[in-house]
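See below for work17.json, which holds JSON, C-alpha atoms.
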```json
[["chain", "number", "residue", "atom", "x", "y", "z"],
["A", 1, "GLU", "CA", 9.26, 12.95, 11.84],
["A", 2, "ALA", "CA", 9.46, 9.25, 10.95],
["A", 3, "TRP", "CA", 7.94, 9.80, 7.50],
["A", 4, "HIS", "CA", 11.05, 11.70, 6.41],
["A", 5, "LEU", "CA", 13.05, 8.49, 6.84],
["A", 6, "ALA", "CA", 10.53, 6.08, 5.27],
["A", 7, "PRO", "CA", 11.06, 5.16, 1.59],
["A", 8, "VAL", "CA", 8.53, 6.61, -0.86],
["A", 9, "ALA", "CA", 6.94, 4.42, -3.55],
["A", 10, "ARG", "CA", 5.63, 6.47, -6.50],
["A", 11, "ILE", "CA", 2.86, 4.46, -8.12],
["A", 12, "ARG", "CA", 1.37, 5.30, -11.50],
["A", 13, "ALA", "CA", -2.41, 5.35, -11.89],
["A", 14, "PHE", "CA", -4.32, 5.06, -15.16],
["A", 15, "PRO", "CA", -7.94, 5.75, -16.11],
["A", 16, "ASN", "CA", -10.28, 2.77, -16.11],
["A", 17, "VAL", "CA", -10.63, 1.93, -19.79],
["A", 18, "ILE", "CA", -11.36, -1.73, -19.07],
["A", 19, "GLU", "CA", -14.78, -1.92, -17.43],
["A", 20, "SER", "CA", -17.94, -0.06, -18.35],
["A", 21, "PRO", "CA", -18.56, 2.80, -17.84],
["A", 22, "ARG", "CA", -15.02, 3.66, -18.85],
["A", 23, "LEU", "CA", -13.03, 6.79, -18.11],
["A", 24, "PHE", "CA", -10.78, 8.06, -20.89],
["A", 25, "PHE", "CA", -9.22, 11.12, -19.24],
["A", 26, "GLY", "CA", -8.05, 10.46, -15.69],
["A", 27, "SER", "CA", -6.98, 13.40, -13.54],
["A", 28, "VAL", "CA", -4.89, 11.56, -10.93],
["A", 29, "ASP", "CA", -1.88, 9.81, -12.41],
["A", 30, "LEU", "CA", 0.48, 9.40, -9.44],
["A", 31, "LEU", "CA", 0.25, 8.34, -5.80],
["A", 32, "GLU", "CA", 3.05, 8.53, -3.26],
["A", 33, "VAL", "CA", 2.89, 5.72, -0.70],
["A", 34, "GLN", "CA", 4.87, 5.07, 2.49],
["A", 35, "ALA", "CA", 4.52, 2.43, 5.19],
["A", 36, "LEU", "CA", 5.64, 2.12, 8.81],
["A", 37, "TYR", "CA", 4.80, -0.38, 11.52],
["A", 38, "SER", "CA", 5.24, -1.05, 15.21],
["A", 39, "SER", "CA", 4.14, -3.78, 17.59],
["A", 40, "GLU", "CA", 0.65, -2.26, 17.51],
["A", 41, "GLY", "CA", 0.09, -2.44, 13.77],
["A", 42, "VAL", "CA", 0.78, -0.89, 10.37],
["A", 43, "VAL", "CA", 0.46, 2.74, 9.22],
["A", 44, "LEU", "CA", 0.20, 3.80, 5.57],
["A", 45, "ARG", "CA", 0.62, 7.32, 4.22],
["A", 46, "VAL", "CA", -0.86, 8.02, 0.77],
["A", 47, "VAL", "CA", -0.48, 11.38, -0.98],
["A", 48, "TRP", "CA", -2.11, 12.45, -4.25],
["A", 49, "ASP", "CA", -2.87, 15.69, -6.11],
["A", 50, "ASP", "CA", -6.36, 17.05, -6.66],
["A", 51, "ARG", "CA", -7.19, 20.64, -7.53],
["A", 52, "THR", "CA", -10.43, 20.69, -5.56],
["A", 53, "ASN", "CA", -11.74, 19.27, -2.30],
["A", 54, "SER", "CA", -14.96, 17.79, -3.68],
["A", 55, "GLU", "CA", -17.55, 16.80, -1.06],
["A", 56, "GLY", "CA", -20.59, 16.17, -3.26],
["A", 57, "GLU", "CA", -22.91, 13.40, -2.11],
["A", 58, "ASN", "CA", -23.78, 11.92, -5.52],
["A", 59, "ALA", "CA", -21.41, 8.94, -5.40],
["A", 60, "ASP", "CA", -23.67, 6.48, -7.21],
["A", 61, "HIS", "CA", -24.29, 8.32, -10.47],
["A", 62, "VAL", "CA", -23.89, 6.06, -13.52],
["A", 63, "TYR", "CA", -22.54, 7.56, -16.73],
["A", 64, "GLU", "CA", -23.05, 6.17, -20.20],
["A", 65, "ASP", "CA", -20.19, 4.04, -21.45],
["A", 66, "GLY", "CA", -18.16, 5.81, -24.09],
["A", 67, "ASP", "CA", -18.97, 9.27, -22.67],
["A", 68, "THR", "CA", -15.95, 11.40, -23.60],
["A", 69, "THR", "CA", -17.28, 14.67, -22.18],
["A", 70, "ILE", "CA", -14.72, 16.53, -20.04],
["A", 71, "TYR", "CA", -16.78, 17.41, -16.98],
["A", 72, "ARG", "CA", -16.21, 20.24, -14.52],
["A", 73, "GLY", "CA", -17.92, 20.92, -11.21],
["A", 74, "THR", "CA", -19.81, 17.64, -10.85],
["A", 75, "ASP", "CA", -21.36, 16.83, -7.48],
["A", 76, "HIS", "CA", -19.45, 13.64, -6.69],
["A", 77, "PRO", "CA", -17.19, 13.12, -3.65],
["A", 78, "ASP", "CA", -13.47, 12.63, -3.90],
["A", 79, "GLN", "CA", -12.60, 9.07, -2.89],
["A", 80, "LEU", "CA", -9.66, 6.77, -2.33],
["A", 81, "ALA", "CA", -9.72, 2.99, -1.90],
["A", 82, "ILE", "CA", -6.72, 0.97, -0.74],
["A", 83, "GLN", "CA", -7.03, -2.64, -1.88],
["A", 84, "LEU", "CA", -5.40, -5.80, -0.51],
["A", 85, "PRO", "CA", -6.25, -9.50, -0.94],
["A", 86, "SER", "CA", -8.72, -10.76, 1.66],
["A", 87, "ARG", "CA", -6.79, -14.02, 1.90],
["A", 88, "HIS", "CA", -3.12, -14.75, 1.46],
["A", 89, "ASP", "CA", -2.52, -16.91, -1.61],
["A", 90, "ASP", "CA", 0.97, -17.51, -3.02],
["A", 91, "ARG", "CA", -0.45, -19.06, -6.18],
["A", 92, "ALA", "CA", -2.42, -16.13, -7.59],
["A", 93, "ARG", "CA", -3.55, -12.58, -6.89],
["A", 94, "PRO", "CA", -7.17, -11.39, -7.09],
["A", 95, "TYR", "CA", -8.45, -9.46, -10.07],
["A", 96, "PHE", "CA", -7.03, -5.97, -9.57],
["A", 97, "SER", "CA", -10.41, -4.22, -10.00],
["A", 98, "PHE", "CA", -12.25, -5.15, -6.77],
["A", 99, "GLY", "CA", -11.44, -8.87, -6.90],
["A", 100, "ASP", "CA", -13.81, -11.66, -7.89],
["A", 101, "SER", "CA", -15.91, -14.40, -6.31],
["A", 102, "ARG", "CA", -12.98, -16.81, -5.93],
["A", 103, "ARG", "CA", -10.43, -14.31, -4.68],
["A", 104, "PRO", "CA", -12.06, -11.35, -2.90],
["A", 105, "THR", "CA", -10.26, -8.19, -1.87],
["A", 106, "ASN", "CA", -10.23, -6.06, 1.24],
["A", 107, "LEU", "CA", -10.91, -2.35, 0.64],
["A", 108, "TRP", "CA", -10.13, 0.56, 2.97],
["A", 109, "TRP", "CA", -12.48, 3.06, 1.35],
["A", 110, "TRP", "CA", -12.49, 6.78, 2.16],
["A", 111, "ARG", "CA", -15.14, 9.24, 0.96],
["A", 112, "ALA", "CA", -14.86, 13.02, 1.26],
["A", 113, "ASP", "CA", -18.59, 13.66, 1.70],
["A", 114, "VAL", "CA", -18.71, 11.76, 5.00],
["A", 115, "ASP", "CA", -14.96, 11.98, 5.77],
["A", 116, "ARG", "CA", -14.95, 8.36, 6.89],
["A", 117, "THR", "CA", -12.97, 5.28, 5.94],
["A", 118, "SER", "CA", -14.93, 2.03, 5.78],
["A", 119, "VAL", "CA", -13.67, -1.53, 5.44],
["A", 120, "MET", "CA", -15.31, -3.32, 2.51],
["A", 121, "VAL", "CA", -14.96, -6.66, 0.77],
["A", 122, "GLY", "CA", -14.95, -6.76, -3.02],
["A", 123, "ARG", "CA", -15.98, -9.76, -5.07],
["A", 124, "GLY", "CA", -16.05, -7.87, -8.35],
["A", 125, "ALA", "CA", -17.54, -4.62, -9.61],
["A", 126, "GLY", "CA", -21.06, -4.28, -8.26],
["A", 127, "ARG", "CA", -20.41, -6.82, -5.51],
["A", 128, "ILE", "CA", -18.88, -4.67, -2.78],
["A", 129, "ALA", "CA", -20.17, -4.92, 0.79],
["A", 130, "PRO", "CA", -19.09, -3.70, 4.24],
["A", 131, "VAL", "CA", -17.14, -6.03, 6.53],
["A", 132, "GLU", "CA", -18.99, -6.28, 9.83],
["A", 133, "GLY", "CA", -16.91, -5.33, 12.86],
["A", 134, "ALA", "CA", -13.79, -4.39, 10.85],
["A", 135, "GLN", "CA", -12.17, -1.06, 11.57],
["A", 136, "VAL", "CA", -9.30, 1.08, 10.40],
["A", 137, "GLN", "CA", -8.33, 4.45, 11.80],
["A", 138, "ALA", "CA", -7.79, 7.08, 9.13],
["A", 139, "THR", "CA", -7.33, 10.82, 8.84],
["A", 140, "VAL", "CA", -7.38, 12.67, 5.53],
["A", 141, "THR", "CA", -6.27, 16.28, 5.08],
["A", 142, "PHE", "CA", -6.43, 18.56, 2.06],
["A", 143, "ASP", "CA", -3.97, 21.40, 1.62],
["A", 144, "ASP", "CA", -3.10, 23.45, -1.45],
["A", 145, "GLY", "CA", -4.28, 20.91, -4.01],
["A", 146, "ARG", "CA", -2.92, 17.84, -2.26],
["A", 147, "TYR", "CA", -4.56, 15.10, -0.21],
["A", 148, "THR", "CA", -2.70, 13.22, 2.53],
["A", 149, "MET", "CA", -4.21, 10.10, 4.03],
["A", 150, "ILE", "CA", -2.83, 8.41, 7.16],
["A", 151, "VAL", "CA", -4.47, 5.04, 7.81],
["A", 152, "ARG", "CA", -3.75, 2.64, 10.69],
["A", 153, "ARG", "CA", -4.71, -0.98, 11.24],
["A", 154, "ALA", "CA", -3.78, -3.50, 13.89],
["A", 155, "PHE", "CA", -1.99, -6.68, 12.82],
["A", 156, "SER", "CA", -4.78, -8.83, 14.19],
["A", 157, "ALA", "CA", -7.44, -9.30, 11.54],
["A", 158, "GLY", "CA", -10.89, -10.80, 11.15],
["A", 159, "GLU", "CA", -11.96, -13.52, 8.76],
["A", 160, "GLN", "CA", -12.47, -11.20, 5.75],
["A", 161, "GLU", "CA", -9.54, -8.88, 6.48],
["A", 162, "SER", "CA", -6.10, -8.87, 4.91],
["A", 163, "GLU", "CA", -3.29, -10.59, 6.73],
["A", 164, "LEU", "CA", -0.34, -8.24, 7.35],
["A", 165, "VAL", "CA", 2.88, -9.79, 8.63],
["A", 166, "PRO", "CA", 6.31, -8.12, 8.90],
["A", 167, "GLY", "CA", 8.66, -9.56, 6.30],
["A", 168, "ALA", "CA", 5.93, -10.86, 3.99],
["A", 169, "PHE", "CA", 5.18, -9.45, 0.55],
["A", 170, "VAL", "CA", 1.53, -8.36, 0.29],
["A", 171, "PRO", "CA", -0.11, -7.19, -2.98],
["A", 172, "ILE", "CA", -1.56, -3.68, -2.75],
["A", 173, "ALA", "CA", -3.48, -1.57, -5.26],
["A", 174, "PHE", "CA", -5.38, 1.72, -5.30],
["A", 175, "SER", "CA", -8.43, 3.39, -6.82],
["A", 176, "VAL", "CA", -8.89, 7.16, -6.75],
["A", 177, "TRP", "CA", -11.75, 9.42, -7.80],
["A", 178, "ASP", "CA", -11.77, 13.15, -8.61],
["A", 179, "GLY", "CA", -15.39, 13.97, -7.85],
["A", 180, "ASP", "CA", -15.24, 17.40, -9.44],
["A", 181, "LEU", "CA", -14.40, 15.92, -12.86],
["A", 182, "GLY", "CA", -17.19, 13.42, -13.40],
["A", 183, "GLU", "CA", -15.58, 10.49, -11.63],
["A", 184, "ALA", "CA", -18.00, 8.18, -9.80],
["A", 185, "GLY", "CA", -18.66, 4.46, -9.72],
["A", 186, "LEU", "CA", -16.25, 2.66, -12.02],
["A", 187, "ARG", "CA", -15.19, 5.94, -13.67],
["A", 188, "ARG", "CA", -11.95, 6.38, -11.76],
["A", 189, "SER", "CA", -8.18, 6.06, -11.94],
["A", 190, "LEU", "CA", -6.62, 2.89, -10.60],
["A", 191, "THR", "CA", -3.35, 1.03, -10.30],
["A", 192, "GLY", "CA", -2.29, -2.52, -10.90],
["A", 193, "TRP", "CA", -0.94, -4.66, -8.10],
["A", 194, "ASN", "CA", 2.19, -3.49, -6.35],
["A", 195, "TRP", "CA", 4.08, -5.09, -3.47],
["A", 196, "LEU", "CA", 3.93, -3.96, 0.13],
["A", 197, "GLN", "CA", 6.67, -5.33, 2.38],
["A", 198, "LEU", "CA", 6.92, -4.41, 6.03],
["A", 199, "GLU", "CA", 10.67, -4.79, 6.33],
["A", 200, "PRO", "CA", 11.45, -6.85, 9.44],
["A", 201, "GLN", "CA", 13.61, -5.26, 12.10],
["A", 202, "THR", "CA", 17.23, -6.37, 12.09],
["A", 203, "PRO", "CA", 17.96, -8.40, 15.26],
["A", 204, "VAL", "CA", 20.70, -7.15, 17.57],
["A", 205, "VAL", "CA", 22.72, -10.31, 16.95],
["A", 206, "ALA", "CA", 23.16, -9.23, 13.32],
["A", 207, "TYR", "CA", 25.17, -6.22, 14.52],
["A", 208, "VAL", "CA", 27.06, -8.07, 17.27],
["A", 209, "ALA", "CA", 27.94, -11.29, 15.50],
["A", 210, "PRO", "CA", 30.23, -9.90, 12.72],
["A", 211, "PRO", "CA", 32.68, -8.02, 14.99],
["A", 212, "VAL", "CA", 32.69, -10.88, 17.51],
["A", 213, "SER", "CA", 33.42, -13.37, 14.74],
["A", 214, "PHE", "CA", 36.19, -11.11, 13.44],
["A", 215, "VAL", "CA", 37.86, -10.87, 16.86],
["A", 216, "VAL", "CA", 37.64, -14.62, 17.47],
["A", 217, "THR", "CA", 39.01, -15.42, 14.00],
["A", 218, "LEU", "CA", 41.84, -12.91, 14.43],
["A", 219, "GLY", "CA", 42.73, -14.42, 17.80],
["A", 220, "LEU", "CA", 42.86, -17.93, 16.35],
["A", 221, "LEU", "CA", 45.06, -16.73, 13.49],
["A", 222, "LEU", "CA", 47.48, -15.04, 15.90],
["A", 223, "LEU", "CA", 47.70, -18.22, 18.01],
["A", 224, "LEU", "CA", 48.37, -20.23, 14.86],
["A", 225, "VAL", "CA", 51.12, -17.83, 13.74],
["A", 226, "ARG", "CA", 52.71, -17.88, 17.19],
["A", 227, "SER", "CA", 52.65, -21.66, 17.35],
["A", 228, "THR", "CA", 54.18, -21.92, 13.88],
["A", 229, "ARG", "CA", 57.00, -19.53, 14.76],
["A", 230, "LYS", "CA", 57.83, -21.45, 17.94],
["A", 231, "ARG", "CA", 58.13, -24.70, 16.00],
["A", 232, "SER", "CA", 60.33, -23.07, 13.37],
["A", 233, "GLN", "CA", 62.68, -21.60, 16.01],
["A", 234, "ARG", "CA", 63.42, -24.96, 17.77],
["A", 235, "PRO", "CA", 67.01, -26.20, 17.19],
["A", 236, "PRO", "CA", 67.29, -29.32, 15.10],
["A", 237, "THR", "CA", 67.81, -32.54, 17.03]]
```
Since I need it in another form, could you write the structure as structure tokens?
Amino acid sequence: EAWHLAPVARIRAFPNVIESPRLFFGSVDLLEVQALYSSEGVVLRVVWDDRTNSEGENADHVYEDGDTTIYRGTDHPDQLAIQLPSRHDDRARPYFSFGDSRRPTNLWWWRADVDRTSVMVGRGAGRIAPVEGAQVQATVTFDDGRYTMIVRRAFSAGEQESELVPGAFVPIAFSVWDGDLGEAGLRRSLTGWNWLQLEPQTPVVAYVAPPVSFVVTLGLLLLLVRSTRKRSQRPPT
């Protein structure tokens, strides 16, 4: 399987203690991320641990800020959001928590209660909306306390979708919710920006050129040595 050969990025997540309502005890602290691509598009594989497969439908519950209760068995869905900039900008990255009005973000957002991944645009917390006509293909499985998400997207993108180009460095971040432990809305674990690079394929000439250059150089050196010896062996006049 190709995933066995793909490098694994282990990305730390931390509870949202920045924006209200804050979460002080996050349950997911590590995500394992891999990426592959072909001429058809890019494929990401994201793996994270979660003790329960929570499919509750109460995703919009709002907790009081400063609530330090350790919840169990809440009726929220598990969720994962993959975040990329909506527009490529070498000067600055968007705000890492759902972007802002100047630099929005593209979100591939999966929810366990509907088992569907939607494409959203974020212009800040509370300003998240679906992207019309945008699609990603995703499958999410849960086995023995571990989620695995495989998400695919074509390279071609719409106006509000992230540009993915082999060889380019693209910022990528994640948000993850454990619905069984009182995580909904902004109460979640998240990461800062990391870099996604789809390593370009090495052209065939890169493998052919070095040995060819070596043979040509060796041949020229041998001719030079031979010519020098002939001149040195001529009798003096």
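Considering the residues A:Asp75, A:Glu40, A:Asp115, A:Glu199 and counting all atoms listed in the file, A:Glu57 has its shortest atom-to-atom contact with A:Asp75.
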How many Å separate atom CA of A:Ala2 from atom CA of A:Val42?
->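 Answer for the atom CA of A:Ala2 to atom CA of A:Val42 separation: 13.4 Å.
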Which residues, written as a short mmCIF file (atom, residue, chain, number, x, y, z; two decimals) with C-alpha atoms, in the coordinates of the input, have at least one atom at most 12 Å from A:Asp100, with all atoms listed in the file counted and residues fewer than 5 positions away on the same chain left out?
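Result file is part-v3.cif:
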```
data_model
loop_
_atom_site.label_atom_id
_atom_site.label_comp_id
_atom_site.auth_asym_id
_atom_site.auth_seq_id
_atom_site.Cartn_x
_atom_site.Cartn_y
_atom_site.Cartn_z
CA PRO A 85 -6.25 -9.50 -0.94
CA SER A 86 -8.72 -10.76 1.66
CA ARG A 93 -3.55 -12.58 -6.89
CA PRO A 94 -7.17 -11.39 -7.09
CA TYR A 95 -8.45 -9.46 -10.07
CA THR A 105 -10.26 -8.19 -1.87
CA ASN A 106 -10.23 -6.06 1.24
CA VAL A 121 -14.96 -6.66 0.77
CA GLY A 122 -14.95 -6.76 -3.02
CA ARG A 123 -15.98 -9.76 -5.07
CA GLY A 124 -16.05 -7.87 -8.35
CA ALA A 125 -17.54 -4.62 -9.61
CA GLY A 126 -21.06 -4.28 -8.26
CA ARG A 127 -20.41 -6.82 -5.51
CA ILE A 128 -18.88 -4.67 -2.78
#
```
d(atom CA of A:Gln197, atom CA of A:Ser27) in Å | 28.1 Å
Point-to-point distance in Å for atom CA of A:Thr68 and atom CA of A:Tyr147 |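 Interatomic distance here is 26.3 Å.
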Please produce, as CSV, a per-residue contact table for stretch 82-145 of chain A versus stretch 190-195 of chain A (criterion: any atom at most 9 Å away, all atoms listed in the file considered), showing the nearest atom pair and its distance in Å to one decimal, sorted by chain then residue number.
```
residue,atom,partner,partner_atom,distance
A:Gln83,CA,A:Trp193,CA,8.9
A:Leu84,CA,A:Trp193,CA,8.9
A:Arg93,CA,A:Trp193,CA,8.4
A:Phe96,CA,A:Gly192,CA,6.0
A:Ser97,CA,A:Leu190,CA,8.1
```
Counting all atoms listed in the file, figure out which residue out of A:Asn16, A:Ala9, A:Arg103, A:Pro77 gets nearest to A:Asp60.
->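 Selected residue with least distance to A:Asp60: A:Pro77.
Considering all atoms listed in the file, the residue among A:Arg87, A:Ala168, A:Gln79, A:Leu44 positioned nearest to A:Ala59 is A:Gln79.
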Proximity to A:Phe169 - best of A:Leu196, A:Tyr63, A:Phe14, A:Asp29, all atoms listed in the file =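 Using all atoms listed in the file, the shortest distance to A:Phe169 belongs to A:Leu196.
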Nearest-residue call for A:Val119, choices A:Val28, A:Ile150, A:Ala81, A:Ala184, using all atoms listed in the file =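 Nearest to A:Val119: A:Ala81.
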Which polymer residues have any atom within 10 Å of an atom of stretch 131-144 of chain A, counting only C-alpha atoms, with same-chain residues fewer than 6 positions away left out, as a PDB file with C-alpha atoms, in the coordinates of the input?
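selection_29.pdb, written as the output of this step:
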```pdb
ATOM      1  CA  VAL A  43       0.460   2.740   9.220  1.00  0.00           C
ATOM      2  CA  LEU A  44       0.200   3.800   5.570  1.00  0.00           C
ATOM      3  CA  ARG A  45       0.620   7.320   4.220  1.00  0.00           C
ATOM      4  CA  VAL A  46      -0.860   8.020   0.770  1.00  0.00           C
ATOM      5  CA  VAL A  47      -0.480  11.380  -0.980  1.00  0.00           C
ATOM      6  CA  TRP A  48      -2.110  12.450  -4.250  1.00  0.00           C
ATOM      7  CA  ASP A  49      -2.870  15.690  -6.110  1.00  0.00           C
ATOM      8  CA  ASP A  50      -6.360  17.050  -6.660  1.00  0.00           C
ATOM      9  CA  ARG A  51      -7.190  20.640  -7.530  1.00  0.00           C
ATOM     10  CA  THR A  52     -10.430  20.690  -5.560  1.00  0.00           C
ATOM     11  CA  ASN A  53     -11.740  19.270  -2.300  1.00  0.00           C
ATOM     12  CA  ASN A 106     -10.230  -6.060   1.240  1.00  0.00           C
ATOM     13  CA  LEU A 107     -10.910  -2.350   0.640  1.00  0.00           C
ATOM     14  CA  TRP A 108     -10.130   0.560   2.970  1.00  0.00           C
ATOM     15  CA  TRP A 109     -12.480   3.060   1.350  1.00  0.00           C
ATOM     16  CA  TRP A 110     -12.490   6.780   2.160  1.00  0.00           C
ATOM     17  CA  ARG A 111     -15.140   9.240   0.960  1.00  0.00           C
ATOM     18  CA  ALA A 112     -14.860  13.020   1.260  1.00  0.00           C
ATOM     19  CA  ASP A 115     -14.960  11.980   5.770  1.00  0.00           C
ATOM     20  CA  ARG A 116     -14.950   8.360   6.890  1.00  0.00           C
ATOM     21  CA  THR A 117     -12.970   5.280   5.940  1.00  0.00           C
ATOM     22  CA  SER A 118     -14.930   2.030   5.780  1.00  0.00           C
ATOM     23  CA  VAL A 119     -13.670  -1.530   5.440  1.00  0.00           C
ATOM     24  CA  MET A 120     -15.310  -3.320   2.510  1.00  0.00           C
ATOM     25  CA  VAL A 121     -14.960  -6.660   0.770  1.00  0.00           C
ATOM     26  CA  GLY A 122     -14.950  -6.760  -3.020  1.00  0.00           C
ATOM     27  CA  ILE A 150      -2.830   8.410   7.160  1.00  0.00           C
ATOM     28  CA  VAL A 151      -4.470   5.040   7.810  1.00  0.00           C
ATOM     29  CA  ARG A 152      -3.750   2.640  10.690  1.00  0.00           C
ATOM     30  CA  ARG A 153      -4.710  -0.980  11.240  1.00  0.00           C
ATOM     31  CA  ALA A 154      -3.780  -3.500  13.890  1.00  0.00           C
ATOM     32  CA  ALA A 157      -7.440  -9.300  11.540  1.00  0.00           C
ATOM     33  CA  GLY A 158     -10.890 -10.800  11.150  1.00  0.00           C
ATOM     34  CA  GLU A 159     -11.960 -13.520   8.760  1.00  0.00           C
ATOM     35  CA  GLN A 160     -12.470 -11.200   5.750  1.00  0.00           C
ATOM     36  CA  GLU A 161      -9.540  -8.880   6.480  1.00  0.00           C
TER      37      GLU A 161
END
```
Give the answer as one residue: which of A:Arg188, A:Arg102, A:Arg22, A:His76 has the shortest atom-to-atom distance to A:Phe174, using only C-alpha atoms?
->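 Under the stated criterion, the closest residue is A:Arg188.
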